[in-house]
>>> print(open('start_38.cif').read())   # mmCIF, C-alpha atoms and all ligand atoms
data_my_file
#
loop_
_atom_site.label_atom_id
_atom_site.label_comp_id
_atom_site.auth_asym_id
_atom_site.auth_seq_id
_atom_site.Cartn_x
_atom_site.Cartn_y
_atom_site.Cartn_z
CA MET A 1 0.00 0.00 0.00
CA PRO A 2 1.46 3.38 -0.91
CA LEU A 3 2.50 5.42 2.10
CA ALA A 4 -0.10 8.12 1.89
CA ARG A 5 -2.96 5.76 1.22
CA ALA A 6 -2.58 4.27 4.68
CA PHE A 7 -3.90 7.41 6.27
CA PHE A 8 -7.48 6.68 5.54
CA ARG A 9 -7.48 3.62 7.74
CA LEU A 10 -5.35 5.23 10.39
CA HIS A 11 -7.32 8.39 10.51
CA GLY A 12 -8.36 7.90 14.13
CA TYR A 13 -4.81 7.52 15.36
CA LEU A 14 -3.54 10.82 14.18
CA GLN A 15 -2.85 13.44 16.79
CA PRO A 16 -1.64 16.93 16.05
CA ILE A 17 2.04 17.03 16.84
CA SER A 18 3.36 19.64 19.20
CA LYS A 19 5.89 22.32 18.37
CA THR A 20 8.55 20.63 20.44
CA GLN A 21 8.15 17.49 18.38
CA ALA A 22 8.43 19.46 15.18
CA PRO A 23 11.24 18.05 13.10
CA LEU A 24 13.22 20.12 10.64
CA VAL A 25 12.44 17.75 7.86
CA SER A 26 9.78 15.21 7.29
CA ARG A 27 9.51 12.47 9.78
CA LEU A 28 8.33 8.95 9.32
CA ILE A 29 6.25 7.46 12.04
CA ARG A 30 6.03 3.72 12.09
CA THR A 31 3.12 2.00 13.74
CA GLN A 32 3.30 -1.42 15.33
CA ASN A 33 1.81 -3.21 12.38
CA GLU A 34 4.29 -1.57 10.03
CA VAL A 35 1.72 0.64 8.34
CA LYS A 36 3.23 4.02 7.83
CA TYR A 37 1.98 7.53 7.69
CA TRP A 38 3.60 10.88 7.63
CA GLN A 39 3.15 13.89 9.78
CA TYR A 40 5.14 17.05 9.50
CA THR A 41 5.70 20.60 10.44
CA ALA A 42 8.14 23.01 8.91
CA ALA A 43 11.28 24.34 10.58
CA PRO A 44 10.82 26.12 13.93
CA GLN A 45 11.02 29.56 12.28
CA SER A 46 7.79 28.85 10.47
CA THR A 47 5.86 26.74 12.93
CA SER A 48 2.65 28.11 11.47
CA CYS A 49 3.10 25.53 8.72
CA HIS A 50 1.85 22.03 9.48
CA TRP A 51 1.22 19.37 6.94
CA GLN A 52 0.27 15.74 6.59
CA LEU A 53 -0.05 13.26 3.80
CA GLN A 54 -3.56 11.87 3.74
CA GLU A 55 -5.24 9.16 1.70
CA GLU A 56 -5.51 11.20 -1.48
CA CYS A 57 -4.28 14.62 -0.64
CA LEU A 58 -1.82 16.75 1.18
CA GLU A 59 -3.26 18.69 4.09
CA LEU A 60 -1.46 21.95 4.69
CA SER A 61 -2.06 24.42 7.52
CA TYR A 62 -0.43 27.67 6.65
CA GLY A 63 -1.21 31.28 7.45
CA GLY A 64 -4.20 30.25 9.56
CA LEU A 65 -5.86 28.23 6.81
CA VAL A 66 -6.22 24.44 6.49
CA MET A 67 -5.92 23.47 2.85
CA HIS A 68 -6.10 20.25 0.88
CA PHE A 69 -4.22 19.47 -2.31
CA ASP A 70 -5.00 16.35 -4.26
CA TYR A 71 -1.88 14.49 -5.40
CA VAL A 72 -2.83 14.41 -9.05
CA TRP A 73 -3.44 18.17 -8.79
CA LEU A 74 -0.02 18.64 -7.21
CA ARG A 75 1.67 16.62 -9.95
CA ASP A 76 -0.25 18.51 -12.64
CA HIS A 77 0.83 21.85 -11.14
CA CYS A 78 4.53 21.10 -11.06
CA ARG A 79 6.35 24.31 -11.95
CA SER A 80 9.67 22.70 -12.91
CA ALA A 81 11.13 23.71 -16.27
CA SER A 82 10.22 20.40 -17.90
CA CYS A 83 6.59 20.61 -16.77
CA TYR A 84 5.93 24.32 -17.08
CA ASN A 85 7.13 27.19 -19.23
CA SER A 86 7.46 30.11 -16.88
CA LYS A 87 8.12 32.52 -19.78
CA THR A 88 4.77 31.85 -21.46
CA ASN A 89 2.99 30.60 -18.32
CA GLN A 90 1.94 27.52 -20.21
CA ARG A 91 1.98 23.87 -19.21
CA ASN A 92 4.42 21.55 -20.94
CA LEU A 93 3.34 18.51 -18.99
CA ASP A 94 0.91 16.19 -20.75
CA THR A 95 -1.57 15.64 -17.94
CA SER A 96 -2.91 12.50 -19.58
CA HIS A 97 0.39 10.84 -18.72
CA VAL A 98 -0.05 11.38 -14.98
CA GLU A 99 -1.21 8.29 -13.08
CA LEU A 100 -4.51 9.35 -11.51
CA ASN A 101 -3.72 7.64 -8.21
CA ILE A 102 -0.21 9.04 -8.03
CA CYS A 103 1.28 9.49 -4.52
CA PRO A 104 4.50 11.12 -3.42
CA THR A 105 7.38 8.85 -2.47
CA ASN A 106 9.11 11.52 -0.43
CA THR A 107 8.21 14.92 0.93
CA ARG A 108 9.99 17.62 2.87
CA VAL A 109 9.62 21.31 3.63
CA ASP A 110 11.97 24.16 4.32
CA ASP A 111 11.00 27.65 5.43
CA GLU A 112 9.32 28.60 2.21
CA ASN A 113 8.88 25.53 0.09
CA LEU A 114 7.43 22.09 -0.07
CA PHE A 115 9.40 19.47 -2.00
CA ILE A 116 7.72 16.37 -3.33
CA THR A 117 9.48 13.44 -4.96
CA TRP A 118 7.26 11.47 -7.34
CA PRO A 119 7.48 7.72 -8.09
CA ASP A 120 9.52 8.33 -11.26
CA GLY A 121 12.06 10.36 -9.27
CA HIS A 122 10.86 13.75 -10.54
CA VAL A 123 11.01 16.39 -7.80
CA THR A 124 8.57 19.29 -7.57
CA LYS A 125 9.17 22.38 -5.46
CA TYR A 126 6.11 24.35 -4.38
CA ASN A 127 6.35 27.71 -2.75
CA LEU A 128 4.12 27.55 0.35
CA SER A 129 2.57 30.94 -0.21
CA TRP A 130 1.90 29.98 -3.84
CA LEU A 131 0.03 26.93 -2.55
CA ALA A 132 -1.85 29.04 -0.04
CA GLN A 133 -2.83 31.51 -2.77
CA ASN A 134 -4.03 28.77 -5.04
CA SER A 135 -5.91 26.56 -2.65
CA TYR A 136 -9.61 25.90 -2.96
CA GLU A 137 -10.09 26.89 0.67
CA GLY A 138 -8.38 30.22 -0.02
CA GLN A 139 -10.50 30.89 -3.10
CA LYS A 140 -13.65 30.03 -1.18
CA GLN A 141 -12.95 32.88 1.22
CA SER A 142 -11.98 35.52 -1.27
CA ALA A 143 -13.76 37.37 -4.05
CA MET A 144 -12.70 37.02 -7.66
CA GLN A 145 -13.76 40.60 -8.18
CA PRO A 146 -13.71 42.83 -5.08
CA ARG A 147 -16.65 45.25 -5.20
CA ILE A 148 -18.67 47.72 -3.19
CA ILE A 149 -22.35 46.89 -3.54
CA TRP A 150 -24.51 49.98 -3.32
CA ASN A 151 -27.92 51.49 -2.92
CA SER A 152 -28.43 55.15 -3.72
CA ASP A 153 -27.24 56.38 -0.29
CA ILE A 154 -24.10 54.27 -0.32
CA TYR A 155 -23.27 55.47 -3.81
CA ALA A 156 -23.98 59.13 -2.97
CA ASN A 157 -21.93 58.99 0.24
CA ALA A 158 -18.98 57.45 -1.58
CA LYS A 159 -18.71 60.69 -3.62
CA VAL A 160 -17.11 58.84 -6.49
CA SER A 161 -15.44 61.34 -8.76
CA SER A 162 -15.83 61.42 -12.53
CA ALA A 163 -12.80 61.29 -14.77
CA ASN A 164 -12.00 64.35 -16.81
CA TRP A 165 -11.75 63.99 -20.59
CA ASP A 166 -8.38 65.73 -21.07
CA LYS A 167 -6.64 63.95 -18.22
CA PHE A 168 -8.37 60.69 -19.05
CA MET A 169 -7.03 60.67 -22.58
CA THR A 170 -3.44 61.36 -21.59
CA CYS A 171 -2.79 60.11 -18.08
CA ASP A 172 -2.70 56.42 -17.15
CA ASP A 173 -3.33 57.21 -13.49
CA GLU A 174 -6.62 58.85 -14.42
CA LEU A 175 -7.58 55.78 -16.46
CA LYS A 176 -6.59 53.56 -13.56
CA LYS A 177 -8.67 55.59 -11.10
CA PHE A 178 -11.61 55.42 -13.48
CA LEU A 179 -11.27 51.64 -13.89
CA ARG A 180 -10.90 51.13 -10.14
CA ASN A 181 -14.22 52.94 -9.64
CA PHE A 182 -15.80 51.04 -12.49
CA LEU A 183 -14.73 47.69 -11.01
CA LEU A 184 -15.84 48.64 -7.50
CA TYR A 185 -19.22 50.16 -8.34
CA GLY A 186 -20.09 48.85 -11.82
CA ILE A 187 -20.55 52.40 -13.15
CA ALA A 188 -18.18 55.24 -13.94
CA PHE A 189 -18.36 58.60 -15.68
CA VAL A 190 -16.09 60.68 -17.88
CA GLU A 191 -16.99 64.37 -18.10
CA GLY A 192 -16.06 67.09 -20.55
CA VAL A 193 -16.25 64.83 -23.58
CA PRO A 194 -17.11 66.66 -26.83
CA PRO A 195 -20.75 65.80 -27.64
CA THR A 196 -20.09 63.86 -30.83
CA VAL A 197 -20.15 60.22 -31.82
CA GLU A 198 -16.47 60.47 -32.77
CA ALA A 199 -15.36 61.73 -29.36
CA THR A 200 -17.51 59.08 -27.69
CA GLU A 201 -15.73 56.46 -29.76
CA THR A 202 -12.35 57.96 -28.83
CA VAL A 203 -13.09 57.99 -25.10
CA THR A 204 -14.37 54.42 -25.33
CA GLN A 205 -11.34 53.17 -27.16
CA ARG A 206 -9.15 54.61 -24.45
CA VAL A 207 -10.70 51.91 -22.23
CA SER A 208 -11.01 48.98 -24.55
CA LEU A 209 -12.21 47.39 -27.76
CA ILE A 210 -15.70 48.08 -29.01
CA ARG A 211 -17.95 45.07 -29.35
CA GLU A 212 -19.79 45.33 -32.60
CA THR A 213 -23.31 43.89 -32.56
CA MET A 214 -26.32 43.92 -34.89
CA TYR A 215 -26.93 47.47 -33.59
CA GLY A 216 -23.64 48.50 -35.22
CA LYS A 217 -20.29 49.45 -33.75
CA MET A 218 -21.19 52.92 -32.48
CA TRP A 219 -24.92 53.50 -32.34
CA ASN A 220 -26.66 56.85 -32.28
CA PHE A 221 -30.41 56.69 -31.93
CA THR A 222 -33.54 58.75 -31.42
CA SER A 223 -37.13 57.68 -30.84
CA ASP A 224 -37.67 57.06 -34.55
CA PHE A 225 -38.88 53.42 -34.41
CA SER A 226 -36.03 52.57 -36.78
CA ARG A 227 -35.55 49.24 -35.03
CA GLY A 228 -37.92 46.72 -33.58
CA ASP A 229 -37.24 47.49 -29.94
CA THR A 230 -38.83 49.77 -27.35
CA ALA A 231 -35.46 51.47 -26.79
CA TYR A 232 -36.24 53.31 -30.05
CA THR A 233 -39.41 54.93 -28.59
CA LYS A 234 -40.10 57.66 -26.01
CA LEU A 235 -41.53 55.15 -23.53
CA ALA A 236 -40.21 54.59 -20.03
CA LEU A 237 -38.05 51.48 -19.73
CA ASP A 238 -37.91 49.54 -16.50
CA ARG A 239 -34.51 48.46 -15.14
CA HIS A 240 -32.88 45.75 -17.22
CA THR A 241 -29.66 44.38 -18.56
CA ASP A 242 -29.04 44.57 -22.31
CA THR A 243 -28.41 41.71 -24.73
CA SER A 244 -29.60 39.10 -22.25
CA TYR A 245 -30.50 37.21 -25.43
CA PHE A 246 -26.82 36.71 -26.31
CA GLN A 247 -25.02 33.57 -25.20
CA GLU A 248 -22.47 36.01 -23.83
CA PRO A 249 -24.27 39.25 -22.95
CA CYS A 250 -22.25 42.41 -23.67
CA GLY A 251 -20.01 43.19 -20.75
CA ILE A 252 -20.08 46.96 -20.76
CA GLN A 253 -22.48 49.53 -22.16
CA VAL A 254 -21.53 53.13 -22.92
CA PHE A 255 -24.12 55.95 -23.05
CA HIS A 256 -23.60 59.51 -24.19
CA CYS A 257 -26.64 61.76 -24.56
CA LEU A 258 -25.69 64.09 -27.38
CA LYS A 259 -28.86 66.13 -27.35
CA HIS A 260 -32.17 66.45 -25.56
CA GLU A 261 -34.66 69.21 -26.28
CA GLY A 262 -37.60 68.20 -24.12
CA THR A 263 -38.54 66.85 -20.70
CA GLY A 264 -37.98 63.61 -18.77
CA GLY A 265 -35.57 60.97 -20.07
CA ARG A 266 -33.56 60.55 -16.89
CA THR A 267 -31.47 57.39 -16.65
CA LEU A 268 -32.11 54.88 -13.89
CA LEU A 269 -29.28 52.76 -12.46
CA VAL A 270 -29.66 49.92 -9.96
CA ASP A 271 -26.89 47.70 -8.59
CA GLY A 272 -28.11 44.18 -9.32
CA PHE A 273 -25.42 42.67 -7.10
CA TYR A 274 -26.81 44.59 -4.12
CA SER A 275 -30.33 43.25 -4.72
CA ALA A 276 -29.03 39.72 -5.35
CA ASP A 277 -27.18 39.94 -2.05
CA GLN A 278 -30.39 41.00 -0.28
CA VAL A 279 -32.11 37.91 -1.68
CA LEU A 280 -29.21 35.73 -0.57
CA GLN A 281 -29.36 37.16 2.95
CA LYS A 282 -33.14 36.97 3.27
CA THR A 283 -34.11 33.85 1.33
CA PRO A 284 -31.15 31.68 0.32
CA ASP A 285 -33.49 29.17 -1.38
CA ASN A 286 -34.69 31.88 -3.74
CA PHE A 287 -31.13 32.90 -4.51
CA GLU A 288 -30.35 29.27 -5.24
CA LEU A 289 -33.28 28.95 -7.66
CA LEU A 290 -32.29 32.11 -9.52
CA ALA A 291 -28.74 30.83 -9.71
CA ARG A 292 -29.53 27.29 -10.83
CA VAL A 293 -32.56 27.49 -13.11
CA PRO A 294 -31.69 28.31 -16.72
CA ILE A 295 -34.11 30.45 -18.68
CA LYS A 296 -34.11 31.89 -22.19
CA HIS A 297 -34.07 35.42 -23.48
CA GLU A 298 -34.88 36.12 -27.08
CA TYR A 299 -34.72 38.96 -29.58
CA ILE A 300 -36.73 38.70 -32.76
CA GLU A 301 -36.55 41.66 -35.11
CA ASN A 302 -38.21 42.03 -38.48
CA VAL A 303 -38.03 45.68 -39.43
CA SER A 304 -37.05 46.70 -42.97
CA ASP A 305 -33.47 45.48 -43.45
CA HIS A 306 -33.08 44.27 -39.90
CA ARG A 307 -33.70 40.55 -39.56
CA ASN A 308 -32.35 39.20 -36.30
CA HIS A 309 -33.10 36.24 -34.09
CA MET A 310 -31.00 35.89 -30.97
CA ILE A 311 -31.38 33.40 -28.12
CA GLY A 312 -29.43 33.45 -24.88
CA ILE A 313 -29.76 30.75 -22.23
CA GLY A 314 -28.67 30.94 -18.63
CA PRO A 315 -29.82 31.59 -15.08
CA VAL A 316 -30.77 35.06 -13.88
CA LEU A 317 -27.90 34.98 -11.38
CA ASN A 318 -24.67 33.50 -12.62
CA VAL A 319 -22.55 32.58 -9.63
CA TYR A 320 -19.20 30.99 -9.00
CA PRO A 321 -20.22 27.78 -7.26
CA TRP A 322 -17.27 27.71 -4.86
CA ASN A 323 -18.08 31.02 -3.15
CA ASN A 324 -21.56 32.00 -4.37
CA GLU A 325 -20.15 35.23 -5.80
CA VAL A 326 -22.49 36.61 -8.46
CA TYR A 327 -20.59 37.56 -11.60
CA MET A 328 -23.37 38.14 -14.12
CA ILE A 329 -27.05 38.95 -14.01
CA ARG A 330 -29.46 38.44 -16.87
CA TYR A 331 -32.51 40.46 -15.97
CA ASN A 332 -34.74 41.77 -18.72
CA ASN A 333 -38.44 41.16 -18.34
CA TYR A 334 -39.10 42.56 -21.81
CA ASP A 335 -36.79 40.17 -23.55
CA ARG A 336 -37.35 37.12 -21.36
CA ALA A 337 -38.58 34.31 -23.62
CA VAL A 338 -41.15 31.58 -23.08
CA ILE A 339 -40.18 29.54 -20.05
CA ASN A 340 -40.01 25.94 -21.20
CA THR A 341 -36.89 24.84 -19.41
CA ILE A 342 -38.42 24.41 -15.96
CA PRO A 343 -40.61 21.51 -14.78
CA HIS A 344 -44.08 22.63 -13.66
CA ASP A 345 -43.45 22.00 -9.98
CA VAL A 346 -40.45 24.37 -10.02
CA VAL A 347 -42.04 27.11 -12.12
CA LYS A 348 -44.07 28.66 -9.30
CA ARG A 349 -41.09 28.64 -6.94
CA TRP A 350 -39.00 30.29 -9.64
CA TYR A 351 -41.63 33.04 -10.04
CA VAL A 352 -41.59 33.58 -6.28
CA ALA A 353 -37.81 33.93 -6.35
CA HIS A 354 -37.93 36.22 -9.38
CA ARG A 355 -40.58 38.35 -7.62
CA GLU A 356 -38.34 38.75 -4.59
CA LEU A 357 -35.44 39.90 -6.75
CA THR A 358 -37.77 42.30 -8.60
CA THR A 359 -39.05 43.69 -5.30
CA GLU A 360 -35.49 44.37 -4.19
CA LEU A 361 -34.52 45.91 -7.52
CA ARG A 362 -37.56 48.21 -7.40
CA LYS A 363 -37.04 49.58 -3.89
CA PRO A 364 -36.76 53.37 -4.33
CA GLU A 365 -33.75 53.44 -1.99
CA ASN A 366 -31.87 51.25 -4.47
CA GLU A 367 -32.46 53.57 -7.42
CA LEU A 368 -29.91 56.03 -8.70
CA TRP A 369 -31.38 58.56 -11.13
CA VAL A 370 -29.11 60.67 -13.34
CA LYS A 371 -29.87 63.04 -16.14
CA LEU A 372 -27.28 62.43 -18.81
CA LYS A 373 -26.11 65.69 -20.31
CA PRO A 374 -24.00 66.23 -23.41
CA GLY A 375 -20.37 65.81 -22.35
CA LYS A 376 -21.03 63.25 -19.63
CA VAL A 377 -20.26 59.69 -20.75
CA LEU A 378 -21.54 56.82 -18.65
CA PHE A 379 -19.95 53.35 -18.58
CA ILE A 380 -22.19 50.63 -17.14
CA ASP A 381 -21.19 47.11 -16.16
CA ASN A 382 -23.98 45.36 -18.04
CA TRP A 383 -23.32 42.13 -16.11
CA ARG A 384 -24.10 43.90 -12.87
CA VAL A 385 -25.88 47.25 -12.99
CA MET A 386 -29.37 47.47 -14.50
CA HIS A 387 -30.31 50.55 -16.46
CA GLY A 388 -33.66 52.02 -17.38
CA ARG A 389 -35.08 55.37 -18.38
CA GLU A 390 -37.91 57.70 -17.68
CA SER A 391 -40.30 58.47 -20.55
CA PHE A 392 -39.49 61.70 -22.36
CA THR A 393 -40.72 64.29 -24.75
CA GLY A 394 -38.94 66.04 -27.57
CA LEU A 395 -35.84 65.17 -29.54
CA ARG A 396 -33.43 63.01 -27.60
CA GLN A 397 -30.30 61.63 -29.19
CA LEU A 398 -28.35 58.94 -27.40
CA CYS A 399 -25.16 57.45 -28.71
CA GLY A 400 -22.91 54.75 -27.37
CA CYS A 401 -21.61 51.26 -27.85
CA TYR A 402 -20.81 48.01 -26.09
CA LEU A 403 -17.33 46.94 -25.01
CA THR A 404 -15.74 43.52 -24.89
CA ARG A 405 -15.51 42.59 -21.27
CA ASP A 406 -12.31 40.54 -21.46
CA ASP A 407 -10.45 43.48 -22.91
CA VAL A 408 -11.63 45.93 -20.25
CA LEU A 409 -10.51 43.52 -17.54
CA ASN A 410 -7.25 42.97 -19.40
CA ILE A 411 -6.49 46.71 -19.37
CA ALA A 412 -7.45 46.92 -15.70
CA ARG A 413 -5.05 44.07 -14.84
CA SER A 414 -2.27 45.63 -16.89
CA LEU A 415 -2.66 48.75 -14.72
CA GLY A 416 -2.25 46.66 -11.58
CA LEU A 417 -5.90 46.29 -10.59
CA GLN A 418 -7.48 43.05 -9.44
CA ALA A 419 -10.04 42.12 -12.08
C1 LIG A 501 -28.47 50.17 -26.96
N1 LIG A 501 -29.20 49.91 -28.15
C2 LIG A 501 -30.13 51.00 -28.38
C3 LIG A 501 -28.32 49.81 -29.26
C4 LIG A 501 -29.84 48.64 -28.13
C5 LIG A 501 -30.96 48.46 -27.29
C6 LIG A 501 -31.25 46.99 -27.10
C7 LIG A 501 -32.52 46.82 -26.43
C8 LIG A 501 -32.85 45.42 -26.07
N2 LIG A 501 -34.19 45.33 -25.60
C9 LIG A 501 -31.92 44.93 -24.97
O1 LIG A 501 -32.22 45.17 -23.83
O2 LIG A 501 -30.92 44.31 -25.26
O1 LIG A 502 -32.79 55.60 -23.80
C1 LIG A 502 -32.13 55.27 -22.85
O2 LIG A 502 -31.74 56.04 -21.99
C2 LIG A 502 -31.68 53.83 -22.69
C3 LIG A 502 -32.42 52.89 -23.55
C4 LIG A 502 -31.88 51.51 -23.36
O3 LIG A 502 -32.21 50.81 -22.45
C5 LIG A 502 -30.83 51.04 -24.26
O4 LIG A 502 -30.56 51.71 -25.23
O5 LIG A 502 -30.25 50.01 -23.98
FE FE A 503 -31.10 48.92 -22.47
#
>>> encode(input="start_38.cif", output="structure tokens", more="lines below")
Ligand SMILES: C[N+](C)(C)CCCC[C@H](N)C(=O)O
Ligand SMILES: O=C(O)CCC(=O)C(=O)O
Ligand SMILES: [Fe+2]
Amino acid sequence: MPLARAFFRLHGYLQPISKTQAPLVSRLIRTQNEVKYWQYTAAPQSTSCHWQLQEECLELSYGGLVMHFDYVWLRDHCRSASCYNSKTNQRNLDTSHVELNICPTNTRVDDENLFITWPDGHVTKYNLSWLAQNSYEGQKQSAMQPRIIWNSDIYANAKVSSANWDKFMTCDDELKKFLRNFLLYGIAFVEGVPPTVEATETVTQRVSLIRETMYGKMWNFTSDFSRGDTAYTKLALDRHTDTSYFQEPCGIQVFHCLKHEGTGGRTLLVDGFYSADQVLQKTPDNFELLARVPIKHEYIENVSDHRNHMIGIGPVLNVYPWNNEVYMIRYNNYDRAVINTIPHDVVKRWYVAHRELTTELRKPENELWVKLKPGKVLFIDNWRVMHGRESFTGLRQLCGCYLTRDDVLNIARSLGLQA
């Protein structure tokens, strides 16, 4: 029986070893019936590190966290030059060649590293803090995307500043500040932008690549019914996310009101993550339903030259299963398609859950109303913040575009932000 496998049967025997027993290197403990298991701590300088080989994984206590690393995972994540290209950050190892029940033949630690010898003699060195950073237990406790969820008071009190066009176009720090706000709140403004489609495109391209859709690259619309969608009317629009009917909804939406001669037409913004969090706190079962039940959104357009049929499928709340962090919301009651993906006995419960989310989203204290004026460009995280508008009169011209999400996050990371 391989050394580490024995643990499972011996589980009950294991006692935590005291600091005074802590050996400098790994220590083999032999039991009477010659079954072996291993129990270790690191050198005295780093007594916060304890580790044991278990049946199928390494248990590591480090920095106050108990973590588990499966052996096949450890072998697959070997960072030696033959297994991993640290210049390109790509794996050289062919994982299909790793024995799925692989176990270490030898293990030791020094102050900073764990060394594992594999059955074929290959040695892997793991930095302990690298392991800690990449453990499941660590990920479970941290957010992929740190954020400040807001209602209108929280947002107002934060006094988030807008970027300024001139500085924004020339200074990376201004762009970084803007992106930090955008990542934290899901909205951000640039002011002083010339009120033209061209300048809107320029300010947008300072952030990222434009995502061209069937609405065009840059769009510039009035209430002229030119397309088969209520956006092209003067009607009020309730809070929603756009392009919920795409398999990958557009990540970011940009709005610039170039002209409005009339009344009304204010923009409504609501942080969907805040409302989703309220549902999670109050009724976890409803959160679960919204996160697990896939529904369809659909866009069917048949107006003059525009023939489009889009279908997007996914739950209202898209969450990372390991930490329940919401990363994308599809919420558009106008574009929600026929529900035929839910068995009848779940449908009612889904409607109850959807109603609770709607109730949260509609609470006046969660609404942020802004009147977009020429010069003020708004960037909205369309995976997070719902937008809507008040009905209006007169000529209102709104231009904007969508951005590719990956590229926005890429720029943010290149500026040193966590995204
Ligand atoms: C922004 N722009 C006017 C181009 C498109 C509007 C799309 C409207 C659609 N109901 C949706 O929510 O996706
Ligand atoms: O007219 C507006 O302010 C926004 C309309 C809308 O929801 C959209 O264009 O996506
Ligand atoms: Fe919209």
>>> closest_atom_pairs(input="start_38.cif", of="range 223-281 of chain A", to="range 195-205 of chain A", cutoff="8 Å", atoms="only C-alpha atoms", output="tab-separated table")
residue	atom	partner	partner_atom	distance
A:Val254	CA	A:Thr204	CA	7.7
A:His256	CA	A:Thr200	CA	7.0
A:Cys257	CA	A:Pro195	CA	7.8
A:Leu258	CA	A:Pro195	CA	5.2
>>> atom_distance(input="start_38.cif", atom1="CA of Cys78 in chain A", atom2="CA of Ile102 in chain A")
13.3 Å
>>> residues_around(input="start_38.cif", residues="range 239-251 of chain A", least_positions_apart="2", cutoff="8 Å", atoms="only C-alpha atoms", output="PyMOL selection string")
chain A and resi 211+237+253+268-270+296-299+310-314+329-333+335-336+381-389+402-405
>>> residues_around(input="start_38.cif", residues="Leu114 in chain A", least_positions_apart="4", cutoff="12 Å", atoms="only C-alpha atoms", output="PDB file with C-alpha atoms, in the frame of the given file")
ATOM      1  CA  VAL A  25      12.440  17.750   7.860  1.00  0.00           C
ATOM      2  CA  SER A  26       9.780  15.210   7.290  1.00  0.00           C
ATOM      3  CA  TYR A  40       5.140  17.050   9.500  1.00  0.00           C
ATOM      4  CA  THR A  41       5.700  20.600  10.440  1.00  0.00           C
ATOM      5  CA  ALA A  42       8.140  23.010   8.910  1.00  0.00           C
ATOM      6  CA  ALA A  43      11.280  24.340  10.580  1.00  0.00           C
ATOM      7  CA  CYS A  49       3.100  25.530   8.720  1.00  0.00           C
ATOM      8  CA  HIS A  50       1.850  22.030   9.480  1.00  0.00           C
ATOM      9  CA  TRP A  51       1.220  19.370   6.940  1.00  0.00           C
ATOM     10  CA  GLN A  52       0.270  15.740   6.590  1.00  0.00           C
ATOM     11  CA  LEU A  58      -1.820  16.750   1.180  1.00  0.00           C
ATOM     12  CA  GLU A  59      -3.260  18.690   4.090  1.00  0.00           C
ATOM     13  CA  LEU A  60      -1.460  21.950   4.690  1.00  0.00           C
ATOM     14  CA  TYR A  62      -0.430  27.670   6.650  1.00  0.00           C
ATOM     15  CA  LEU A  74      -0.020  18.640  -7.210  1.00  0.00           C
ATOM     16  CA  CYS A  78       4.530  21.100 -11.060  1.00  0.00           C
ATOM     17  CA  PRO A 104       4.500  11.120  -3.420  1.00  0.00           C
ATOM     18  CA  ASN A 106       9.110  11.520  -0.430  1.00  0.00           C
ATOM     19  CA  THR A 107       8.210  14.920   0.930  1.00  0.00           C
ATOM     20  CA  ARG A 108       9.990  17.620   2.870  1.00  0.00           C
ATOM     21  CA  VAL A 109       9.620  21.310   3.630  1.00  0.00           C
ATOM     22  CA  ASP A 110      11.970  24.160   4.320  1.00  0.00           C
ATOM     23  CA  VAL A 123      11.010  16.390  -7.800  1.00  0.00           C
ATOM     24  CA  THR A 124       8.570  19.290  -7.570  1.00  0.00           C
ATOM     25  CA  LYS A 125       9.170  22.380  -5.460  1.00  0.00           C
ATOM     26  CA  TYR A 126       6.110  24.350  -4.380  1.00  0.00           C
ATOM     27  CA  ASN A 127       6.350  27.710  -2.750  1.00  0.00           C
ATOM     28  CA  LEU A 128       4.120  27.550   0.350  1.00  0.00           C
ATOM     29  CA  SER A 129       2.570  30.940  -0.210  1.00  0.00           C
ATOM     30  CA  TRP A 130       1.900  29.980  -3.840  1.00  0.00           C
ATOM     31  CA  LEU A 131       0.030  26.930  -2.550  1.00  0.00           C
ATOM     32  CA  ALA A 132      -1.850  29.040  -0.040  1.00  0.00           C
TER      33      ALA A 132
END
>>> closest_residue(input="start_38.cif", among="A:Trp350, A:Tyr232, A:Tyr136, A:Phe182", to="ligand FE 503 (chain A)", atoms="only C-alpha atoms and all ligand atoms")
A:Tyr232
>>> residues_around(input="start_38.cif", residues="Glu360 in chain A", least_positions_apart="6", cutoff="10 Å", atoms="all atoms listed in the file", output="list in words")
Val270, Gly272, Tyr274, Ser275, Ala276, Asp277, Gln278, Val279, His354 and Asn366 of chain A
>>> residues_around(input="start_38.cif", residues="Ser135 in chain A", least_positions_apart="4", cutoff="9 Å", atoms="only C-alpha atoms", output="PDB file with C-alpha atoms, in the frame of the given file")
ATOM      1  CA  MET A  67      -5.920  23.470   2.850  1.00  0.00           C
ATOM      2  CA  HIS A  68      -6.100  20.250   0.880  1.00  0.00           C
ATOM      3  CA  PHE A  69      -4.220  19.470  -2.310  1.00  0.00           C
ATOM      4  CA  TRP A 130       1.900  29.980  -3.840  1.00  0.00           C
ATOM      5  CA  LEU A 131       0.030  26.930  -2.550  1.00  0.00           C
ATOM      6  CA  GLN A 139     -10.500  30.890  -3.100  1.00  0.00           C
ATOM      7  CA  LYS A 140     -13.650  30.030  -1.180  1.00  0.00           C
TER       8      LYS A 140
END
>>> atom_distance(input="start_38.cif", atom1="CA of Asn308 in chain A", atom2="CA of Val293 in chain A")
26.0 Å
